[in-house]
Each structure stands twice: as structure tokens, then as C-alpha cells.
There are 2 protein chains.
Amino acid sequence: MTETAHRTQAQRREQTRTALLDATIDCLVEVGYARTSVQEICARARVSKGAVQHHFTAKAELMAAAVEHLTTKLRKQLAASLDDLPGGGTGVAAAIDLLWTGYSGTLSTAVTELWVAARTDPELRAAIRPVDRALGRATLEHVTQVAGELPPERAEMLFWLTVNLTRGLALDAELGGDPARRRQLLEEWKRIAVLLYQDATTAPS
Amino acid sequence: MTETAHRTQAQRREQTRTALLDATIDCLVEVGYARTSVQEICARARVSKGAVQHHFTAKAELMAAAVEHLTTKLRKQLAASLDDLPGGGTGVAAAIDLLWTGYSGTLSTAVTELWVAARTDPELRAAIRPVDRALGRATLEHVTQVAGELPPERAEMLFWLTVNLTRGLALDAELGGDPARRRQLLEEWKRIAVLLYQDATTAPS
DNA sequence: TGGAAAACATGACGATCAGCATGTAAGTTC
DNA sequence: GAACTTACATGCTGATCGTCATGTTTTCCA
């Protein structure tokens with residue numbers, strides 16, 4: 001599978017590092033934060049405990065790195081899907097759909113695990129906050145470009161409402177809530193958003 | 001403080017039981033699910049490990065009982081505040097405020113901890129699902145009584161949208177997001193909800 | 001009032017955890 | 001190609017975890 005031939009030190013370092021971070025994400029998704037141990041992580045990454053020790057001085061540092069790794073991945077994913085979006089009312093609905101798919105995927109599941117854990121872990125929290133805010137800002141910029149006719153204040157409101165609603169729905173999905181109702185709620189919200197969009201563009205207050 | 005005089009067996013049982021469950025909730029809120037250990041719980045409840053062993057065969061059972069204890073408390077809290085609500089458009093705004101305060105309190109924080117943990121713990125999940133659904137249903141009934149003029153389908157939509165949005169906002173609050181923006185978003189949502197309420201009651205489609 | 005039963009305490013068990021100390025292999029540099 | 005550094009593996013350590021076996025206190029009932 002992987003070339004066992006010749007690897008630069010930098011290559012080796014980077015490979016096992018990303019392997020560890022990916023394994024951490026997998027672990028968070030599959031067994032949850034509470035049972036995510038260093039042993040479990042390096043078992044999935046096919047490396048020893050000494051390796052993670054060499055790359056990260058402590059488990060907390062691994063988690064902090066995983067946060068950055070995660071948001072980088074999420075950012076790429078969102079940016080890729082947000083680039084080709086139609087404008088106008090249909091653009092709003094499409095943007096909401098994209099935000100939903102983004103915030104309901106496995107990556108966001110891992111993010112949620114870290115979020116909730118970070119509530120009672122100041123160190124982890126300090127690592128998450130700036131990265132998460134940057135992600136939010138970047139996504140917001142992409143979205144506002146879609147609905148350029150809307151007053152920016154309006155667009156921002158719609159964005160954050162969608163994000164928070166989506167996060168709530170994602171939580172519901174994680175626990176195994178009714179998927180049909182979730183779809184229904186999302187459709188309803190899209191209807192409302194489009195309606196608000198039209199009101200704001202045709203008859204600004 | 002507590003009467004050391006004479007306690008019935010039933011009283012003793014019930015007292016330490018609720019003490020354990022309350023301590024469990026405190027533990028979830030203050031140190032999070034990952035670091036909620038039996039030792040920590042019975043240290044807060046001022047009892048020994050043997051006590052929790054006597055009342056609950058395993059930690060999972062304690063957690064399941066805590067879930068029920070939690071939702072019972074939440075239910076009482078919501079019911080008490082939802083009983084005296086005005087009707088009409090102002091009632092809708094007031095209901096949203098109440099749902100927000102309900103879902104952003106410490107009790108809901110504990111629920112969120114258990115929710116997220118339950119995603120990767122089938123046993124805990126099986127304990128949570130029915131209780132949570134019952135809570136949702138009961139709250140929905142209380143709310144629909146407030147906005148009785150609205151078609152029930154509409155009211156249910158508004159309710160679930162509010163609940164999920166609120167949960168997302170609660171997550172944001174837990175991580176230390178901007179409180180001002182949260183207030184702003186909630187106000188905006190109330191405006192939207194009232195608007196939708198008026199549309200639906202004055203000009204039904 | 002004394003024995004049964006329930007409620008609770010104490011201490012120990014194996015398992016697992018994160019962290020460290022030490023050893024080995026792979027790449028780099030001269 | 002030999003010294004050197006980096007990357008990784010192995011094995012241990014003390015702490016903590018959940019669970020259990022056994023002892024002690026409190027209430028109950030006859």
C-alpha cells in the first residue's frame with residue numbers, strides 16, 4: 001500500500017502525524033471523547049505510544065492539534081462545496097442545504113465531541129475557540145458572497161441562525177431522532193429564509 | 001443540617017438516592033461526562049462507593065437513572081414556567097424566551113453531556129431516547145395551548161425549529177460564544193416567529 | 001428486646017489510563 | 001561509510017478506574 005521504499009524524515013514525520021490526527025478523529029467519531037485513549041488512537045494509527053509521545057508532549061496537545069486538523073479539513077470541505085453556488089433565492093436554499101450537509105457530517109460530529117468536552121476543559125477550550133471562530137468567519141464570507149444583494153447585516157443574521165439551527169438538528173441526528181422530521185424542519189426553514197430574503201431585497205425597511 | 005433523628009428505611013433510601021442523582025448531575029455539569037467517575041459522584045453525595053453499589057448495580061444504571069431524574073426536573077421547571085403564558089403574538093415571543101431559558105440552563109447542560117455521550121453508548125442511548133421524546137411531547141403540548149389559533153401543524157413546526165435553534169445556541173453558549181450575538185439572534189428569531197404567526201392566522205394558505 | 005433484613009462503609013482486585021525512561025531503526029551529514 | 005540526529009518501539013510506573021467481597025450500622029418486625 002504505502003511505499004516502504006525511501007521516505008524523507010519530513011515525509012515520515014508528516015505521515016505518522018496525520019495518521020495520528022486522522023486516527024484521533026476516527027476515535028472521537030466512533031467511540032466518543034470519553035473513551036478516546038492514547039492507546040486506542042495509536043492502535044488505529046498503527047504506531048506505538050512512543051510515537052505520539054514524540055510528536056505531542058501530552059494528550060491535551062494531541063487534542064489541540066486534532067482540533068486544528070479537523071477545522072482545516074472542514075474548511076476545505078465547505079469551501080469546495082460553497083464555491084459553485086447559484087445566486088438569488090435558490091442560492092439561499094442551496095446554501096442552507098450545504099451548511100446542513102457540512103454540519104451534519106462525521107467531521108462535525110468529531111467537532112461536537114471536542115466542543116462538549118472543551119466546556120469543562122479550559123486548555124482544550126483555549127485551543128478550540130480561535131480556530132472555530134476563524135472557521136465561522138470564513139464560511140460567513142463565502143455565504144455572503146452568494147446573497148450579495150442582501151444587506152450584510154441581514155445575511156449575517158440568516159447565516160448564524162442557520163448555523164445554530166443546523167447544529168441543533170445535528171445533535172438530534174446524533175441521538176437518532178426522526179430523519180423525516182429533520183428534513184421537514186430544514187425544508188420549512190429554507191422556505192422561511194427565502195421568504196425573508198425576498199422581503200428584504202424587494203421592500204427594505 | 002439534616003435531621004439525624006429517625007429516618008424510615010424508605011426515607012433513607014430515597015434521600016441517598018436523590019443525593020447520588022443530584023451529585024451525578026452536578027458532576028456532569030462541573031467536570032463533564034468524560035471525568036464523571038463513581039468516586040467523584042459519591043464524594044459529592046457524601047456517601048461511600050458501597051452505597052451506589054447498593055442502589056445501582058453498575059455505573060451505566062446510575063447514568064440511566066440520572067437521565068430520568070434530569071428530565072423529571074426539567075419537565076417540572078418547564079411546566080411551571082409555561083403554565084402562565086399570555087396568548088397571541090406576544091405569547092409566541094414569551095414562549096420562545098422560556099424555551100431558551102429552559103434549554104440553556106444547567107439542567108440542559110447536563111442533558112447535553114449525556115446526549116453526546118449516548119451517541120457512542122447504545123445502553124445510555126436506549127435509556128435517554130424514550131424519556132427525551134416524552135419531554136419533547138409534553139413541552140409541545142404546553143406550547144400548542146399557548147398558540148391555539150395557529151394550525152397545529154404550523155405550531156409544531158415553530159416549536160421544533162425553536163427547540164433545535166435553541167439547542168444550537170446553547171452549545172454556542174457552552175463554548176463561550178458571544179452572548180450579545182446570541183441575544184441578537186434570539187430576538188431576530190422571535191421577530192420572525194411572530195411574523196409567521198401573524199401570516200398564518202390572518203391569511204391561511 | 002432480640003434477630004432478620006435493609007442500608008451503607010471499607011478495603012482489595014484486576015484492568016486501564018497517561019506519562020516517562022530506555023532501547024532500536026531509519027534518515028541525514030560529512 | 002561512520003558519527004549524528006531524528007523517528008519510532010518497548011516496557012515500566014504510579015494513579016485511577018469500575019466492580020466485588022466482606023464488615024458495620026440502622027431500621028424493622030414479632
# chains A, B, ... in the order shown; residues from 1 in each chain; ligands from 1

$ residues_around --residues "Ala193 (chain A)" --least-positions-apart "4" --cutoff "10 Å" --atoms "only C-alpha atoms (C1' of nucleotides)" --output "count of residues only"
15

$ closest_atom_pairs --of "chain D" --to "chain A" --cutoff "10 Å" --atoms "only C-alpha atoms (C1' of nucleotides)" --output "tab-separated table"
residue	atom	partner	partner_atom	distance
D:DT6	C1'	A:Gln9	CA	7.2
D:DA7	C1'	A:Arg13	CA	7.2
D:DC8	C1'	A:Ala51	CA	5.5
D:DA9	C1'	A:Ser48	CA	6.3
D:DT10	C1'	A:Gly50	CA	8.5

$ write_last_selection --atoms "C-alpha atoms (C1' of nucleotides)" --output "mmCIF file, in the first residue's frame"
data_model
loop_
_atom_site.group_PDB
_atom_site.id
_atom_site.type_symbol
_atom_site.label_atom_id
_atom_site.label_comp_id
_atom_site.auth_asym_id
_atom_site.auth_seq_id
_atom_site.Cartn_x
_atom_site.Cartn_y
_atom_site.Cartn_z
ATOM 1 C "C1'" DT D 6 15.572 12.219 14.115
ATOM 2 C "C1'" DA D 7 11.673 8.894 14.257
ATOM 3 C "C1'" DC D 8 9.733 5.385 16.447
ATOM 4 C "C1'" DA D 9 9.206 0.943 19.669
ATOM 5 C "C1'" DT D 10 9.123 -1.392 24.229
#

$ calpha_fit_and_write --fixed "chain B" --moving "chain A" --output "tab-separated table (two decimals) with C-alpha atoms, in the first residue's frame"
chain	number	residue	atom	x	y	z
A	1	MET	CA	-28.82	20.49	58.72
A	2	THR	CA	-30.55	17.18	57.99
A	3	GLU	CA	-32.45	15.55	60.79
A	4	THR	CA	-30.26	12.80	62.14
A	5	ALA	CA	-33.11	11.80	64.41
A	6	HIS	CA	-35.15	9.00	62.95
A	7	ARG	CA	-35.45	8.07	59.34
A	8	THR	CA	-37.57	5.38	57.81
A	9	GLN	CA	-35.75	2.90	55.61
A	10	ALA	CA	-37.71	4.31	52.68
A	11	GLN	CA	-36.63	7.81	53.68
A	12	ARG	CA	-32.99	6.81	53.98
A	13	ARG	CA	-33.12	5.03	50.67
A	14	GLU	CA	-34.78	7.90	48.86
A	15	GLN	CA	-32.53	10.53	50.42
A	16	THR	CA	-29.22	8.97	49.46
A	17	ARG	CA	-30.64	8.01	46.10
A	18	THR	CA	-31.59	11.57	45.20
A	19	ALA	CA	-28.34	12.76	46.74
A	20	LEU	CA	-26.48	10.44	44.38
A	21	LEU	CA	-28.50	11.53	41.36
A	22	ASP	CA	-28.12	15.21	42.18
A	23	ALA	CA	-24.41	14.68	42.68
A	24	THR	CA	-24.26	12.95	39.32
A	25	ILE	CA	-25.88	15.94	37.65
A	26	ASP	CA	-23.53	18.33	39.42
A	27	CYS	CA	-20.63	16.21	38.30
A	28	LEU	CA	-21.76	16.20	34.70
A	29	VAL	CA	-22.15	19.97	34.74
A	30	GLU	CA	-18.93	20.79	36.53
A	31	VAL	CA	-16.39	18.25	35.29
A	32	GLY	CA	-18.12	16.79	32.22
A	33	TYR	CA	-19.11	13.24	31.32
A	34	ALA	CA	-15.60	12.07	30.48
A	35	ARG	CA	-14.32	12.72	33.99
A	36	THR	CA	-17.48	11.82	35.85
A	37	SER	CA	-16.35	8.87	37.96
A	38	VAL	CA	-18.23	6.95	40.60
A	39	GLN	CA	-15.72	8.09	43.19
A	40	GLU	CA	-16.25	11.73	42.31
A	41	ILE	CA	-20.02	11.29	42.47
A	42	CYS	CA	-20.16	9.66	45.89
A	43	ALA	CA	-17.59	12.12	47.17
A	44	ARG	CA	-20.02	14.92	46.31
A	45	ALA	CA	-22.99	12.97	47.66
A	46	ARG	CA	-21.10	12.33	50.92
A	47	VAL	CA	-21.60	8.59	50.67
A	48	SER	CA	-19.32	5.66	50.00
A	49	LYS	CA	-18.83	3.61	46.87
A	50	GLY	CA	-20.72	0.82	48.53
A	51	ALA	CA	-23.85	2.94	48.60
A	52	VAL	CA	-23.97	3.50	44.87
A	53	GLN	CA	-23.22	-0.20	44.50
A	54	HIS	CA	-26.24	-0.97	46.63
A	55	HIS	CA	-28.62	1.27	44.72
A	56	PHE	CA	-27.33	0.73	41.20
A	57	THR	CA	-25.72	-2.45	39.98
A	58	ALA	CA	-23.45	-0.65	37.53
A	59	LYS	CA	-22.38	2.83	36.54
A	60	ALA	CA	-24.50	2.65	33.40
A	61	GLU	CA	-27.58	2.11	35.53
A	62	LEU	CA	-26.71	5.15	37.61
A	63	MET	CA	-26.45	7.20	34.43
A	64	ALA	CA	-29.75	5.89	33.16
A	65	ALA	CA	-31.38	6.84	36.45
A	66	ALA	CA	-29.74	10.25	36.25
A	67	VAL	CA	-31.31	10.74	32.84
A	68	GLU	CA	-34.76	10.14	34.23
A	69	HIS	CA	-34.04	12.28	37.28
A	70	LEU	CA	-32.84	15.04	34.99
A	71	THR	CA	-35.79	15.06	32.63
A	72	THR	CA	-38.20	14.94	35.54
A	73	LYS	CA	-36.61	18.05	36.95
A	74	LEU	CA	-36.53	19.75	33.56
A	75	ARG	CA	-40.14	18.87	32.99
A	76	LYS	CA	-41.21	20.42	36.27
A	77	GLN	CA	-39.18	23.51	35.56
A	78	LEU	CA	-40.62	23.97	32.09
A	79	ALA	CA	-44.17	23.18	33.14
A	80	ALA	CA	-44.01	25.67	35.99
A	81	SER	CA	-42.85	28.48	33.74
A	82	LEU	CA	-45.06	27.58	30.79
A	83	ASP	CA	-48.27	27.53	32.77
A	84	ASP	CA	-48.74	31.26	32.94
A	85	LEU	CA	-48.16	32.43	29.41
A	86	PRO	CA	-50.09	35.12	27.53
A	87	GLY	CA	-51.77	34.21	24.24
A	88	GLY	CA	-51.40	35.66	20.73
A	89	GLY	CA	-48.26	37.14	19.21
A	90	THR	CA	-46.67	38.23	22.50
A	91	GLY	CA	-47.32	34.72	23.76
A	92	VAL	CA	-45.20	33.29	20.98
A	93	ALA	CA	-42.28	35.55	21.85
A	94	ALA	CA	-42.64	34.74	25.54
A	95	ALA	CA	-42.77	31.03	24.80
A	96	ILE	CA	-39.54	31.26	22.82
A	97	ASP	CA	-37.89	33.08	25.69
A	98	LEU	CA	-39.00	30.40	28.08
A	99	LEU	CA	-37.76	27.63	25.85
A	100	TRP	CA	-34.43	29.39	25.63
A	101	THR	CA	-34.04	29.82	29.36
A	102	GLY	CA	-35.07	26.21	29.80
A	103	TYR	CA	-32.68	24.80	27.25
A	104	SER	CA	-29.75	26.98	28.27
A	105	GLY	CA	-29.79	26.22	32.00
A	106	THR	CA	-27.58	23.89	33.95
A	107	LEU	CA	-30.06	21.03	33.68
A	108	SER	CA	-29.92	21.10	29.91
A	109	THR	CA	-26.17	21.35	30.08
A	110	ALA	CA	-26.15	18.01	31.87
A	111	VAL	CA	-28.59	16.63	29.33
A	112	THR	CA	-26.27	17.66	26.52
A	113	GLU	CA	-23.37	15.87	28.17
A	114	LEU	CA	-25.43	12.70	28.35
A	115	TRP	CA	-26.73	13.14	24.82
A	116	VAL	CA	-23.31	13.41	23.28
A	117	ALA	CA	-22.03	10.53	25.37
A	118	ALA	CA	-25.06	8.47	24.38
A	119	ARG	CA	-24.16	8.74	20.72
A	120	THR	CA	-21.43	6.15	21.19
A	121	ASP	CA	-23.06	4.28	24.08
A	122	PRO	CA	-26.08	2.23	22.96
A	123	GLU	CA	-27.12	1.40	26.50
A	124	LEU	CA	-27.21	5.02	27.58
A	125	ARG	CA	-28.90	5.91	24.35
A	126	ALA	CA	-31.65	3.38	24.93
A	127	ALA	CA	-32.24	4.98	28.31
A	128	ILE	CA	-32.32	8.52	27.00
A	129	ARG	CA	-34.44	8.25	23.89
A	130	PRO	CA	-37.89	7.47	25.30
A	131	VAL	CA	-37.53	9.89	28.20
A	132	ASP	CA	-36.37	12.69	25.95
A	133	ARG	CA	-39.15	12.09	23.46
A	134	ALA	CA	-41.70	12.21	26.24
A	135	LEU	CA	-40.24	15.49	27.44
A	136	GLY	CA	-40.45	16.93	23.94
A	137	ARG	CA	-44.05	15.81	23.52
A	138	ALA	CA	-45.12	17.20	26.87
A	139	THR	CA	-43.46	20.54	26.22
A	140	LEU	CA	-45.02	20.67	22.78
A	141	GLU	CA	-48.47	20.20	24.27
A	142	HIS	CA	-47.94	23.03	26.70
A	143	VAL	CA	-46.75	25.31	23.93
A	144	THR	CA	-49.51	24.50	21.48
A	145	GLN	CA	-52.01	25.51	24.12
A	146	VAL	CA	-50.47	28.96	24.07
A	147	ALA	CA	-50.88	29.48	20.32
A	148	GLY	CA	-54.19	27.73	19.91
A	149	GLU	CA	-55.30	29.77	16.90
A	150	LEU	CA	-52.40	28.49	14.84
A	151	PRO	CA	-52.92	25.36	12.79
A	152	PRO	CA	-51.34	22.60	14.90
A	153	GLU	CA	-49.02	21.62	12.09
A	154	ARG	CA	-47.71	25.18	11.97
A	155	ALA	CA	-47.32	25.41	15.72
A	156	GLU	CA	-45.41	22.15	15.82
A	157	MET	CA	-43.03	23.37	13.15
A	158	LEU	CA	-42.38	26.60	15.01
A	159	PHE	CA	-41.83	24.65	18.21
A	160	TRP	CA	-39.32	22.22	16.85
A	161	LEU	CA	-37.48	24.92	14.93
A	162	THR	CA	-37.22	26.88	18.16
A	163	VAL	CA	-36.06	23.86	20.12
A	164	ASN	CA	-33.33	22.96	17.67
A	165	LEU	CA	-32.20	26.54	17.24
A	166	THR	CA	-32.11	26.88	20.99
A	167	ARG	CA	-30.04	23.74	21.37
A	168	GLY	CA	-27.56	25.08	18.85
A	169	LEU	CA	-27.39	28.37	20.69
A	170	ALA	CA	-26.93	26.52	23.97
A	171	LEU	CA	-23.95	24.71	22.51
A	172	ASP	CA	-22.52	28.05	21.44
A	173	ALA	CA	-23.09	29.39	24.93
A	174	GLU	CA	-21.34	26.42	26.50
A	175	LEU	CA	-18.21	27.10	24.53
A	176	GLY	CA	-18.23	30.76	25.46
A	177	GLY	CA	-19.58	32.35	22.30
A	178	ASP	CA	-20.61	35.98	22.22
A	179	PRO	CA	-23.66	36.44	24.48
A	180	ALA	CA	-24.66	39.66	22.73
A	181	ARG	CA	-24.89	37.94	19.37
A	182	ARG	CA	-26.88	35.14	20.91
A	183	ARG	CA	-29.39	37.62	22.29
A	184	GLN	CA	-29.51	39.31	18.90
A	185	LEU	CA	-30.20	36.03	17.13
A	186	LEU	CA	-32.89	35.10	19.59
A	187	GLU	CA	-34.58	38.48	19.18
A	188	GLU	CA	-34.45	38.10	15.42
A	189	TRP	CA	-35.95	34.64	15.63
A	190	LYS	CA	-38.73	35.93	17.85
A	191	ARG	CA	-39.47	38.64	15.28
A	192	ILE	CA	-39.58	36.02	12.52
A	193	ALA	CA	-41.77	33.69	14.55
A	194	VAL	CA	-44.26	36.41	15.39
A	195	LEU	CA	-44.33	37.42	11.75
A	196	LEU	CA	-45.02	33.85	10.67
A	197	TYR	CA	-47.62	33.55	13.37
A	198	GLN	CA	-49.48	36.60	12.10
A	199	ASP	CA	-49.27	35.45	8.48
A	200	ALA	CA	-50.67	32.09	9.38
A	201	THR	CA	-53.55	33.40	11.49
A	202	THR	CA	-54.63	36.32	9.27
A	203	ALA	CA	-54.12	34.78	5.83
A	204	PRO	CA	-54.03	31.00	5.97
A	205	SER	CA	-52.85	29.44	2.73

$ decode --residues "region 89-105 of chain B" --atoms "C-alpha atoms" --output "JSON list (two decimals), in the first residue's frame"
[["chain", "number", "residue", "atom", "x", "y", "z"],
["B", 89, "GLY", "CA", -48.27, 37.11, 19.22],
["B", 90, "THR", "CA", -46.68, 38.23, 22.49],
["B", 91, "GLY", "CA", -47.32, 34.73, 23.75],
["B", 92, "VAL", "CA", -45.19, 33.30, 20.98],
["B", 93, "ALA", "CA", -42.28, 35.57, 21.85],
["B", 94, "ALA", "CA", -42.65, 34.76, 25.53],
["B", 95, "ALA", "CA", -42.76, 31.05, 24.79],
["B", 96, "ILE", "CA", -39.54, 31.28, 22.81],
["B", 97, "ASP", "CA", -37.88, 33.10, 25.68],
["B", 98, "LEU", "CA", -38.98, 30.41, 28.08],
["B", 99, "LEU", "CA", -37.74, 27.63, 25.84],
["B", 100, "TRP", "CA", -34.41, 29.41, 25.62],
["B", 101, "THR", "CA", -34.03, 29.83, 29.35],
["B", 102, "GLY", "CA", -35.08, 26.21, 29.78],
["B", 103, "TYR", "CA", -32.67, 24.81, 27.23],
["B", 104, "SER", "CA", -29.76, 26.99, 28.25],
["B", 105, "GLY", "CA", -29.81, 26.23, 31.97]]
